[in-house]
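As stored in input-v1.cif (mmCIF, C-alpha atoms and all ligand atoms):
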```cif
data_final
#
loop_
_atom_site.group_PDB
_atom_site.id
_atom_site.type_symbol
_atom_site.label_atom_id
_atom_site.label_comp_id
_atom_site.auth_asym_id
_atom_site.auth_seq_id
_atom_site.Cartn_x
_atom_site.Cartn_y
_atom_site.Cartn_z
ATOM 1 C CA MET A 1 -44.227 -47.417 7.993
ATOM 2 C CA ILE A 2 -40.794 -46.026 7.160
ATOM 3 C CA LYS A 3 -42.096 -43.740 4.421
ATOM 4 C CA ALA A 4 -40.420 -40.317 4.724
ATOM 5 C CA LYS A 5 -38.125 -41.497 7.495
ATOM 6 C CA THR A 6 -34.402 -41.067 6.826
ATOM 7 C CA ALA A 7 -31.964 -43.945 6.598
ATOM 8 C CA LEU A 8 -28.215 -43.352 6.736
ATOM 9 C CA VAL A 9 -26.409 -46.379 5.315
ATOM 10 C CA THR A 10 -22.617 -46.310 5.653
ATOM 11 C CA GLY A 11 -20.593 -47.959 2.891
ATOM 12 C CA SER A 12 -23.577 -47.921 0.547
ATOM 13 C CA THR A 13 -21.917 -47.209 -2.809
ATOM 14 C CA SER A 14 -21.490 -50.959 -3.310
ATOM 15 C CA GLY A 15 -22.569 -54.455 -2.304
ATOM 16 C CA ILE A 16 -24.652 -55.082 0.789
ATOM 17 C CA GLY A 17 -24.988 -51.420 1.795
ATOM 18 C CA LEU A 18 -26.424 -50.508 -1.590
ATOM 19 C CA GLY A 19 -28.784 -53.503 -1.425
ATOM 20 C CA ILE A 20 -30.068 -52.365 1.975
ATOM 21 C CA ALA A 21 -30.403 -48.740 0.794
ATOM 22 C CA LEU A 22 -32.475 -49.858 -2.207
ATOM 23 C CA SER A 23 -34.790 -52.042 -0.077
ATOM 24 C CA LEU A 24 -35.394 -49.214 2.414
ATOM 25 C CA ALA A 25 -35.983 -46.744 -0.447
ATOM 26 C CA ARG A 26 -38.551 -49.113 -1.993
ATOM 27 C CA GLN A 27 -40.489 -48.678 1.268
ATOM 28 C CA GLY A 28 -40.309 -44.888 0.874
ATOM 29 C CA ALA A 29 -37.407 -44.047 3.181
ATOM 30 C CA ASN A 30 -35.182 -41.134 2.233
ATOM 31 C CA ILE A 31 -31.585 -42.303 1.939
ATOM 32 C CA VAL A 32 -28.186 -40.865 2.777
ATOM 33 C CA LEU A 33 -25.468 -42.762 0.968
ATOM 34 C CA ASN A 34 -21.820 -42.957 2.034
ATOM 35 C CA GLY A 35 -18.767 -44.709 0.649
ATOM 36 C CA PHE A 36 -16.032 -44.491 -1.948
ATOM 37 C CA GLY A 37 -15.834 -45.116 -5.698
ATOM 38 C CA ASP A 38 -18.676 -44.392 -8.107
ATOM 39 C CA VAL A 39 -21.355 -42.321 -6.387
ATOM 40 C CA ALA A 40 -23.431 -41.156 -9.379
ATOM 41 C CA GLY A 41 -24.526 -44.706 -10.340
ATOM 42 C CA PRO A 42 -25.767 -45.800 -6.884
ATOM 43 C CA LYS A 43 -27.348 -42.353 -6.314
ATOM 44 C CA ALA A 44 -29.291 -42.600 -9.582
ATOM 45 C CA GLN A 45 -30.477 -46.130 -8.688
ATOM 46 C CA VAL A 46 -31.927 -44.912 -5.384
ATOM 47 C CA GLU A 47 -33.308 -41.672 -6.837
ATOM 48 C CA ALA A 48 -35.215 -43.719 -9.439
ATOM 49 C CA LEU A 49 -37.313 -45.018 -6.533
ATOM 50 C CA GLY A 50 -38.689 -41.498 -5.964
ATOM 51 C CA VAL A 51 -37.176 -40.739 -2.566
ATOM 52 C CA LYS A 52 -34.885 -37.919 -1.436
ATOM 53 C CA VAL A 53 -31.247 -39.003 -1.663
ATOM 54 C CA GLY A 54 -28.169 -37.433 -0.089
ATOM 55 C CA TYR A 55 -24.528 -38.422 -0.024
ATOM 56 C CA HIS A 56 -21.653 -37.764 2.340
ATOM 57 C CA GLY A 57 -18.135 -38.980 1.572
ATOM 58 C CA ALA A 58 -16.940 -39.359 5.173
ATOM 59 C CA ASP A 59 -14.041 -41.741 5.620
ATOM 60 C CA MET A 60 -15.357 -44.093 8.285
ATOM 61 C CA SER A 61 -11.898 -44.529 9.756
ATOM 62 C CA LYS A 62 -11.934 -40.837 10.778
ATOM 63 C CA PRO A 63 -14.080 -39.771 13.755
ATOM 64 C CA ALA A 64 -13.986 -36.087 12.670
ATOM 65 C CA ASP A 65 -15.365 -37.040 9.216
ATOM 66 C CA ILE A 66 -18.098 -39.089 10.883
ATOM 67 C CA ALA A 67 -19.112 -36.133 13.067
ATOM 68 C CA GLN A 68 -19.369 -33.956 9.934
ATOM 69 C CA MET A 69 -21.506 -36.593 8.228
ATOM 70 C CA MET A 70 -23.868 -36.764 11.201
ATOM 71 C CA ASP A 71 -24.159 -32.928 11.170
ATOM 72 C CA TYR A 72 -24.988 -33.115 7.452
ATOM 73 C CA VAL A 73 -27.726 -35.693 8.070
ATOM 74 C CA ARG A 74 -29.177 -33.616 10.907
ATOM 75 C CA ASN A 75 -29.106 -30.347 8.950
ATOM 76 C CA GLU A 76 -30.353 -31.703 5.607
ATOM 77 C CA PHE A 77 -32.668 -34.537 6.716
ATOM 78 C CA GLY A 78 -33.555 -33.824 10.355
ATOM 79 C CA GLY A 79 -31.374 -36.693 11.562
ATOM 80 C CA ALA A 80 -31.070 -40.421 10.929
ATOM 81 C CA ASP A 81 -34.173 -42.361 11.983
ATOM 82 C CA ILE A 82 -32.574 -45.538 10.664
ATOM 83 C CA LEU A 83 -28.824 -46.014 10.981
ATOM 84 C CA VAL A 84 -27.249 -48.914 9.113
ATOM 85 C CA ASN A 85 -23.611 -49.384 10.117
ATOM 86 C CA ASN A 86 -22.397 -51.334 7.123
ATOM 87 C CA ALA A 87 -19.021 -49.982 5.919
ATOM 88 C CA GLY A 88 -16.388 -52.654 6.243
ATOM 89 C CA ILE A 89 -13.106 -53.967 4.904
ATOM 90 C CA GLN A 90 -11.220 -57.248 5.069
ATOM 91 C CA HIS A 91 -7.591 -58.334 5.107
ATOM 92 C CA VAL A 92 -6.454 -61.951 5.122
ATOM 93 C CA ALA A 93 -3.116 -62.933 6.716
ATOM 94 C CA LYS A 94 -1.733 -64.976 9.606
ATOM 95 C CA VAL A 95 -1.545 -62.985 12.824
ATOM 96 C CA GLU A 96 2.262 -62.916 12.779
ATOM 97 C CA ASP A 97 2.192 -61.483 9.252
ATOM 98 C CA PHE A 98 -0.745 -59.130 9.830
ATOM 99 C CA PRO A 99 0.268 -55.502 9.095
ATOM 100 C CA PRO A 100 -0.500 -53.431 12.230
ATOM 101 C CA GLU A 101 -1.882 -50.599 10.083
ATOM 102 C CA LYS A 102 -4.393 -53.060 8.545
ATOM 103 C CA TRP A 103 -5.444 -54.146 12.022
ATOM 104 C CA ASP A 104 -6.015 -50.515 13.016
ATOM 105 C CA ALA A 105 -7.959 -49.752 9.829
ATOM 106 C CA ILE A 106 -10.229 -52.800 10.204
ATOM 107 C CA ILE A 107 -11.021 -52.038 13.849
ATOM 108 C CA ALA A 108 -11.627 -48.358 12.999
ATOM 109 C CA ILE A 109 -13.896 -48.962 9.986
ATOM 110 C CA ASN A 110 -15.683 -52.186 10.985
ATOM 111 C CA LEU A 111 -16.148 -51.413 14.696
ATOM 112 C CA SER A 112 -15.256 -47.938 15.989
ATOM 113 C CA SER A 113 -17.147 -46.134 13.204
ATOM 114 C CA ALA A 114 -20.366 -47.738 14.483
ATOM 115 C CA PHE A 115 -19.653 -46.372 17.957
ATOM 116 C CA HIS A 116 -19.233 -42.858 16.554
ATOM 117 C CA THR A 117 -22.332 -42.890 14.324
ATOM 118 C CA THR A 118 -24.435 -44.521 17.039
ATOM 119 C CA ARG A 119 -23.396 -42.174 19.845
ATOM 120 C CA LEU A 120 -24.303 -39.215 17.621
ATOM 121 C CA ALA A 121 -27.571 -40.690 16.289
ATOM 122 C CA ILE A 122 -29.099 -42.041 19.506
ATOM 123 C CA PRO A 123 -30.030 -38.664 21.097
ATOM 124 C CA GLY A 124 -32.200 -37.747 18.067
ATOM 125 C CA MET A 125 -33.798 -41.194 18.047
ATOM 126 C CA ARG A 126 -34.539 -40.975 21.763
ATOM 127 C CA ALA A 127 -36.113 -37.528 21.275
ATOM 128 C CA LYS A 128 -38.482 -38.970 18.621
ATOM 129 C CA ASN A 129 -38.916 -42.181 20.629
ATOM 130 C CA TRP A 130 -38.377 -44.127 17.424
ATOM 131 C CA GLY A 131 -35.227 -45.370 15.807
ATOM 132 C CA ARG A 132 -33.508 -48.364 14.293
ATOM 133 C CA VAL A 133 -29.815 -49.163 14.462
ATOM 134 C CA ILE A 134 -28.866 -52.095 12.244
ATOM 135 C CA ASN A 135 -25.261 -53.221 12.421
ATOM 136 C CA VAL A 136 -23.998 -55.316 9.531
ATOM 137 C CA ALA A 137 -21.788 -57.781 11.405
ATOM 138 C CA SER A 138 -21.028 -61.186 9.856
ATOM 139 C CA THR A 139 -21.064 -64.880 10.615
ATOM 140 C CA HIS A 140 -17.560 -63.942 11.726
ATOM 141 C CA GLY A 141 -19.256 -62.082 14.577
ATOM 142 C CA LEU A 142 -20.273 -65.511 15.907
ATOM 143 C CA VAL A 143 -17.576 -67.946 14.757
ATOM 144 C CA ALA A 144 -13.992 -67.523 13.541
ATOM 145 C CA SER A 145 -11.900 -68.425 10.509
ATOM 146 C CA ALA A 146 -8.126 -68.585 10.356
ATOM 147 C CA GLN A 147 -6.189 -65.643 8.918
ATOM 148 C CA LYS A 148 -8.952 -63.154 9.707
ATOM 149 C CA SER A 149 -8.009 -62.107 13.250
ATOM 150 C CA ALA A 150 -8.795 -58.402 12.826
ATOM 151 C CA TYR A 151 -12.038 -58.988 10.947
ATOM 152 C CA VAL A 152 -13.251 -61.628 13.428
ATOM 153 C CA ALA A 153 -12.322 -59.394 16.370
ATOM 154 C CA SER A 154 -14.122 -56.418 14.821
ATOM 155 C CA LYS A 155 -17.253 -58.442 14.035
ATOM 156 C CA HIS A 156 -17.403 -60.129 17.454
ATOM 157 C CA GLY A 157 -16.935 -56.621 18.841
ATOM 158 C CA ILE A 158 -19.847 -55.172 16.929
ATOM 159 C CA VAL A 159 -22.139 -57.998 18.033
ATOM 160 C CA GLY A 160 -21.248 -57.164 21.651
ATOM 161 C CA PHE A 161 -21.709 -53.447 21.004
ATOM 162 C CA THR A 162 -25.139 -54.195 19.506
ATOM 163 C CA LYS A 163 -26.251 -56.033 22.648
ATOM 164 C CA ALA A 164 -24.974 -53.316 25.003
ATOM 165 C CA VAL A 165 -26.744 -50.462 23.196
ATOM 166 C CA ALA A 166 -29.894 -52.586 22.790
ATOM 167 C CA LEU A 167 -30.028 -52.870 26.589
ATOM 168 C CA GLU A 168 -29.484 -49.134 27.058
ATOM 169 C CA THR A 169 -32.466 -48.401 24.768
ATOM 170 C CA ALA A 170 -34.647 -51.379 25.742
ATOM 171 C CA THR A 171 -37.501 -49.327 27.220
ATOM 172 C CA THR A 172 -37.630 -46.898 24.290
ATOM 173 C CA GLY A 173 -38.857 -47.003 20.700
ATOM 174 C CA VAL A 174 -35.267 -47.395 19.555
ATOM 175 C CA THR A 175 -34.104 -50.907 18.667
ATOM 176 C CA VAL A 176 -30.565 -52.052 17.987
ATOM 177 C CA ASN A 177 -29.813 -55.282 16.158
ATOM 178 C CA ALA A 178 -27.142 -56.936 14.040
ATOM 179 C CA ILE A 179 -27.344 -58.843 10.777
ATOM 180 C CA CYS A 180 -24.813 -61.633 10.283
ATOM 181 C CA PRO A 181 -24.403 -62.531 6.613
ATOM 182 C CA GLY A 182 -22.415 -65.534 5.457
ATOM 183 C CA TRP A 183 -20.855 -65.325 1.990
ATOM 184 C CA VAL A 184 -22.397 -62.608 -0.203
ATOM 185 C CA LEU A 185 -20.949 -62.175 -3.694
ATOM 186 C CA THR A 186 -19.760 -58.559 -3.466
ATOM 187 C CA PRO A 187 -16.421 -56.938 -4.414
ATOM 188 C CA LEU A 188 -15.160 -57.700 -0.872
ATOM 189 C CA VAL A 189 -15.630 -61.439 -1.440
ATOM 190 C CA GLN A 190 -14.762 -61.418 -5.158
ATOM 191 C CA LYS A 191 -11.248 -60.332 -4.130
ATOM 192 C CA GLN A 192 -10.950 -63.371 -1.843
ATOM 193 C CA ILE A 193 -12.170 -65.636 -4.664
ATOM 194 C CA ASP A 194 -9.687 -64.130 -7.131
ATOM 195 C CA ASP A 195 -6.824 -64.452 -4.597
ATOM 196 C CA ARG A 196 -7.753 -68.085 -3.981
ATOM 197 C CA ALA A 197 -7.871 -68.882 -7.715
ATOM 198 C CA ALA A 198 -4.444 -67.301 -8.216
ATOM 199 C CA ARG A 199 -2.931 -68.970 -5.125
ATOM 200 C CA GLU A 200 -4.217 -72.455 -5.966
ATOM 201 C CA GLY A 201 -3.907 -72.206 -9.756
ATOM 202 C CA ILE A 202 -7.616 -72.962 -10.272
ATOM 203 C CA THR A 203 -10.374 -71.197 -12.219
ATOM 204 C CA VAL A 204 -12.404 -68.439 -10.595
ATOM 205 C CA ASP A 205 -15.537 -70.611 -10.917
ATOM 206 C CA LYS A 206 -13.840 -73.499 -9.078
ATOM 207 C CA ALA A 207 -12.581 -71.082 -6.399
ATOM 208 C CA LYS A 208 -16.158 -69.854 -5.920
ATOM 209 C CA VAL A 209 -17.531 -73.386 -5.480
ATOM 210 C CA ASP A 210 -14.697 -74.297 -3.082
ATOM 211 C CA LEU A 211 -15.262 -71.145 -1.023
ATOM 212 C CA LEU A 212 -18.943 -71.951 -0.543
ATOM 213 C CA GLY A 213 -18.318 -75.662 0.047
ATOM 214 C CA GLU A 214 -15.890 -74.931 2.860
ATOM 215 C CA LYS A 215 -18.315 -72.930 5.031
ATOM 216 C CA GLN A 216 -21.817 -72.378 3.669
ATOM 217 C CA PRO A 217 -23.951 -75.574 3.647
ATOM 218 C CA SER A 218 -26.627 -74.165 1.321
ATOM 219 C CA LEU A 219 -23.886 -73.746 -1.340
ATOM 220 C CA GLN A 220 -25.699 -70.537 -2.295
ATOM 221 C CA PHE A 221 -24.535 -66.978 -1.800
ATOM 222 C CA THR A 222 -26.768 -64.748 0.343
ATOM 223 C CA THR A 223 -27.865 -61.744 -1.759
ATOM 224 C CA PRO A 224 -27.817 -58.029 -0.879
ATOM 225 C CA GLU A 225 -31.576 -58.019 -1.640
ATOM 226 C CA GLN A 226 -32.242 -60.701 1.000
ATOM 227 C CA LEU A 227 -30.311 -58.641 3.559
ATOM 228 C CA GLY A 228 -32.215 -55.533 2.482
ATOM 229 C CA GLU A 229 -35.546 -57.255 3.101
ATOM 230 C CA LEU A 230 -34.365 -58.333 6.570
ATOM 231 C CA ALA A 231 -33.510 -54.686 7.291
ATOM 232 C CA VAL A 232 -37.040 -53.710 6.159
ATOM 233 C CA PHE A 233 -38.479 -56.263 8.587
ATOM 234 C CA LEU A 234 -36.311 -54.947 11.439
ATOM 235 C CA CYS A 235 -37.726 -51.474 10.707
ATOM 236 C CA SER A 236 -41.339 -52.709 10.822
ATOM 237 C CA PRO A 237 -43.670 -52.618 13.847
ATOM 238 C CA ALA A 238 -43.532 -56.434 13.923
ATOM 239 C CA ALA A 239 -39.913 -56.056 15.020
ATOM 240 C CA ASP A 240 -40.587 -53.484 17.767
ATOM 241 C CA ASN A 241 -39.522 -56.009 20.396
ATOM 242 C CA VAL A 242 -36.602 -57.562 18.514
ATOM 243 C CA ARG A 243 -33.647 -56.219 20.469
ATOM 244 C CA GLY A 244 -29.964 -57.082 20.704
ATOM 245 C CA VAL A 245 -30.233 -59.909 18.189
ATOM 246 C CA ALA A 246 -27.441 -61.125 15.896
ATOM 247 C CA TRP A 247 -29.435 -62.550 12.997
ATOM 248 C CA ASN A 248 -27.707 -65.098 10.734
ATOM 249 C CA VAL A 249 -28.365 -65.128 7.013
ATOM 250 C CA ASP A 250 -25.612 -67.591 6.262
ATOM 251 C CA GLY A 251 -26.996 -70.683 4.542
ATOM 252 C CA GLY A 252 -26.436 -72.684 7.741
ATOM 253 C CA TRP A 253 -22.764 -71.723 8.264
ATOM 254 C CA ALA A 254 -23.050 -71.032 12.006
ATOM 255 C CA ALA A 255 -25.297 -74.059 12.591
ATOM 256 C CA GLN A 256 -22.389 -76.447 12.049
HETATM 257 P P1 LIG A 301 -18.082 -53.922 -0.525
HETATM 258 O O1 LIG A 301 -16.597 -53.855 -0.636
HETATM 259 O O2 LIG A 301 -18.904 -54.262 -1.710
HETATM 260 O O3 LIG A 301 -18.651 -52.558 0.078
HETATM 261 C C1 LIG A 301 -18.022 -51.895 1.129
HETATM 262 C C2 LIG A 301 -18.535 -50.488 1.174
HETATM 263 O O4 LIG A 301 -17.861 -49.801 2.235
HETATM 264 C C3 LIG A 301 -18.244 -49.690 -0.101
HETATM 265 O O5 LIG A 301 -19.310 -48.786 -0.339
HETATM 266 C C4 LIG A 301 -16.975 -48.925 0.255
HETATM 267 O O6 LIG A 301 -16.792 -47.734 -0.504
HETATM 268 C C5 LIG A 301 -17.267 -48.617 1.710
HETATM 269 N N1 LIG A 301 -16.069 -48.304 2.476
HETATM 270 C C6 LIG A 301 -14.930 -48.999 2.613
HETATM 271 N N2 LIG A 301 -14.061 -48.331 3.388
HETATM 272 C C7 LIG A 301 -14.680 -47.194 3.759
HETATM 273 C C8 LIG A 301 -14.312 -46.086 4.558
HETATM 274 N N3 LIG A 301 -13.106 -46.009 5.138
HETATM 275 N N4 LIG A 301 -15.199 -45.081 4.707
HETATM 276 C C9 LIG A 301 -16.417 -45.118 4.114
HETATM 277 N N5 LIG A 301 -16.821 -46.146 3.350
HETATM 278 C C10 LIG A 301 -15.957 -47.157 3.175
HETATM 279 O O7 LIG A 301 -18.331 -54.961 0.676
HETATM 280 P P2 LIG A 301 -19.633 -55.720 1.175
HETATM 281 O O8 LIG A 301 -19.367 -57.175 1.000
HETATM 282 O O9 LIG A 301 -20.875 -55.139 0.630
HETATM 283 O O10 LIG A 301 -19.500 -55.437 2.730
HETATM 284 C C11 LIG A 301 -20.396 -54.604 3.446
HETATM 285 C C12 LIG A 301 -20.425 -55.061 4.896
HETATM 286 O O11 LIG A 301 -20.907 -56.386 4.966
HETATM 287 C C13 LIG A 301 -19.043 -55.066 5.565
HETATM 288 O O12 LIG A 301 -19.163 -54.610 6.894
HETATM 289 C C14 LIG A 301 -18.670 -56.536 5.546
HETATM 290 O O13 LIG A 301 -17.784 -56.864 6.564
HETATM 291 C C15 LIG A 301 -20.028 -57.175 5.740
HETATM 292 N N6 LIG A 301 -20.119 -58.559 5.318
HETATM 293 C C16 LIG A 301 -19.882 -58.931 4.035
HETATM 294 C C17 LIG A 301 -19.995 -60.271 3.701
HETATM 295 C C18 LIG A 301 -19.779 -60.763 2.306
HETATM 296 O O14 LIG A 301 -19.753 -61.984 2.110
HETATM 297 N N7 LIG A 301 -19.656 -59.909 1.316
HETATM 298 C C19 LIG A 301 -20.327 -61.214 4.665
HETATM 299 C C20 LIG A 301 -20.553 -60.794 5.964
HETATM 300 C C21 LIG A 301 -20.446 -59.465 6.284
#
```
Rewrite the coordinates I just gave you, this time as structure tokens.
Amino acid sequence: MIKAKTALVTGSTSGIGLGIALSLARQGANIVLNGFGDVAGPKAQVEALGVKVGYHGADMSKPADIAQMMDYVRNEFGGADILVNNAGIQHVAKVEDFPPEKWDAIIAINLSSAFHTTRLAIPGMRAKNWGRVINVASTHGLVASAQKSAYVASKHGIVGFTKAVALETATTGVTVNAICPGWVLTPLVQKQIDDRAAREGITVDKAKVDLLGEKQPSLQFTTPEQLGELAVFLCSPAADNVRGVAWNVDGGWAAQ
């Protein structure tokens, strides 16, 4: 169903974004990767699945970079049929200690970047009367935790943005939804585990168990593969009428 369609996945050189890119590629979608760090490794992993793979290194905190990336996708791939807004960062501090530049970066990367990619992708999707926008929000798009004011604000924001654009496109073949993962063991979370171990003078393994025990009733991490398969479902005809949803994959976190 998504064979030969093009999926742009922001922040896909690592973690959840890479997991989603691989799941979509397994279904035959061509992939445009984006993100920092090692590019050759992730690119080779996706290419091994036999699809066309591109990469653009846009910094998602910079609207001009994002516009260039969208031009690249249009010129090289005929536009993004599937847009996965996934790039995101975290910073943990009390609000009175929160560096204003970190606040600005989190809002820009986790929230405003999705506005810029979406506003530039929607016209092409409307013209084809088919499209999927999948926003990687978080359980923190639905509930809060202390010391994460910017992240929680950005993720609540993207859930609201998802609903608004879903309504604007409700009578078209374009759907807009959000995925809300709980804890997923990626570099973003490993840093929080390492910080916790150092702060509390405990082992990394104990910090991992404590982190899960605090929030995630299943006591299991969600995996990038599970999120990738949810993205595949959202791209399927069975999900044609799934619109404006914020879908938890959080081991029961938000049910408490
Ligand atoms: P990660 O750190 O493994 O990956 C983040 C990706 O974003 C990387 O590819 C990185 O290079 C890219 N990135 C960061 N800043 C960027 C920028 N300015 N421009 C372009 N790319 C940039 O993190 P992850 O855990 O895979 O997180 C992916 C998304 O999932 C984020 O939006 C995060 O908030 C969300 N999320 C993660 C978890 C979790 O437990 N890991 C839970 C809920 C939601």
Residues matched by the PyMOL selection byres (((chain A and resi 6-14) around 7) and not hetatm), written as a VMD selection string: chain A and resid 4 to 5 15 to 18 21 29 to 36 38 to 39 42 77 80 to 87
Please build the interface table for range 10-79 of chain A against range 220-233 of chain A with a cut-off of 6 Å, listing for each qualifying residue the nearest atom pair and the distance in Å to one decimal; count all atoms listed in the file, order rows by chain and increasing number, and write it as JSON lines.
```
{"residue": "A:Ile16", "atom": "CA", "partner": "A:Pro224", "partner_atom": "CA", "distance": 4.6}
{"residue": "A:Gly19", "atom": "CA", "partner": "A:Pro224", "partner_atom": "CA", "distance": 4.7}
{"residue": "A:Ile20", "atom": "CA", "partner": "A:Gly228", "partner_atom": "CA", "distance": 3.9}
{"residue": "A:Ser23", "atom": "CA", "partner": "A:Gly228", "partner_atom": "CA", "distance": 5.0}
```
Resolved residues for the PyMOL selection byres (((chain A and resi 103) around 12) and not hetatm) as a PyMOL selection string: chain A and resi 61+89-102+104-111+147-154
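The nearest approach to ligand LIG 301 (chain A) among the residues A:Gly57, A:Gly131, A:Gly157, A:Pro217, with only C-alpha atoms and all ligand atoms taken into account, belongs to A:Gly57.
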Output check: residues returned by the PyMOL selection byres (((chain A and resi 170-177) around 7) and not hetatm), as JSON, numbers by chain: {"A": [125, 126, 129, 130, 131, 132, 133, 134, 135, 162, 165, 166, 167, 168, 169, 178, 179, 243, 244, 245, 246]}
Among listed residues A:Ala144, A:Cys180, A:Ala121, A:Val242, nearest ligand LIG 301 (chain A) (using all atoms listed in the file): A:Cys180
Step by step, gather every atom of ligand LIG 301 (chain A) that the file lists, find the box along x, y and z that holds them, add 5 Å on each side, and finally give centre and edge lengths in Å to one decimal, as JSON.
```
{"center_x": -17.0, "center_y": -53.5, "center_z": 2.6, "size_x": 17.8, "size_y": 26.9, "size_z": 18.6}
```
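Between CA of Pro237 in chain A and CA of Lys128 in chain A the separation is 15.4 Å.
Here CA of Asp240 in chain A and CA of Glu76 in chain A stand 27.0 Å from one another.
With CA of Thr117 in chain A on one side and CA of Val73 in chain A on the other, the separation reads 11.0 Å.
Nearest to ligand LIG 301 (chain A) of all the residues A:His156, A:Lys62, A:Arg119, A:Arg74 is A:Lys62, based on all atoms listed in the file.
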From A:Ser145, A:Thr186, A:Lys215, A:Met69, residue lying nearest ligand LIG 301 (chain A) [only C-alpha atoms and all ligand atoms]: A:Thr186
Residue nearest Gly160 in chain A - candidates A:Ala137, A:Val249, A:Ala58, A:Val184, atoms counted: only C-alpha atoms: A:Ala137
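Proximity ranking of A:Gln190, A:Ser138, A:Asn241, A:Gln256 relative to ligand LIG 301 (chain A) places A:Ser138 first, based on all atoms listed in the file.
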Can I get C-alpha atoms for range 108-160 of chain A, as a CSV table (one decimal), in the first residue's frame?
```csv
chain,number,residue,atom,x,y,z
A,108,ALA,CA,11.8,24.9,18.1
A,109,ILE,CA,12.8,21.3,17.5
A,110,ASN,CA,10.0,19.4,19.2
A,111,LEU,CA,7.1,21.7,18.2
A,112,SER,CA,7.8,24.5,15.7
A,113,SER,CA,9.7,22.2,13.3
A,114,ALA,CA,6.5,20.1,12.8
A,115,PHE,CA,4.6,23.3,11.9
A,116,HIS,CA,7.2,24.1,9.2
A,117,THR,CA,7.4,20.6,7.7
A,118,THR,CA,3.6,20.2,7.8
A,119,ARG,CA,2.8,23.6,6.2
A,120,LEU,CA,5.2,22.8,3.4
A,121,ALA,CA,4.1,19.1,2.9
A,122,ILE,CA,0.3,19.5,3.1
A,123,PRO,CA,-0.2,21.2,-0.3
A,124,GLY,CA,1.4,18.2,-2.1
A,125,MET,CA,-0.6,15.8,-0.1
A,126,ARG,CA,-3.8,17.6,-0.9
A,127,ALA,CA,-2.9,17.6,-4.6
A,128,LYS,CA,-2.5,13.8,-4.5
A,129,ASN,CA,-5.5,13.4,-2.2
A,130,TRP,CA,-3.4,11.1,-0.1
A,131,GLY,CA,-1.0,11.7,2.7
A,132,ARG,CA,0.0,10.8,6.3
A,133,VAL,CA,1.4,13.1,8.9
A,134,ILE,CA,2.5,11.2,12.0
A,135,ASN,CA,3.7,13.3,14.9
A,136,VAL,CA,5.9,11.6,17.5
A,137,ALA,CA,4.6,13.2,20.6
A,138,SER,CA,5.0,11.4,24.0
A,139,THR,CA,3.0,10.4,27.0
A,140,HIS,CA,4.2,13.8,28.1
A,141,GLY,CA,1.8,15.2,25.5
A,142,LEU,CA,-1.0,13.9,27.7
A,143,VAL,CA,0.4,14.1,31.3
A,144,ALA,CA,3.2,15.9,32.9
A,145,SER,CA,6.4,15.2,35.0
A,146,ALA,CA,8.3,17.6,37.1
A,147,GLN,CA,11.4,19.2,35.8
A,148,LYS,CA,10.3,18.8,32.2
A,149,SER,CA,8.4,22.0,31.6
A,150,ALA,CA,9.7,22.7,28.1
A,151,TYR,CA,9.3,19.1,26.9
A,152,VAL,CA,5.8,18.8,28.4
A,153,ALA,CA,4.8,22.1,26.9
A,154,SER,CA,6.2,21.1,23.5
A,155,LYS,CA,4.5,17.7,23.5
A,156,HIS,CA,1.1,19.0,24.7
A,157,GLY,CA,1.5,21.5,21.9
A,158,ILE,CA,2.1,19.0,19.2
A,159,VAL,CA,-0.9,16.9,20.3
A,160,GLY,CA,-3.0,20.1,19.9
```
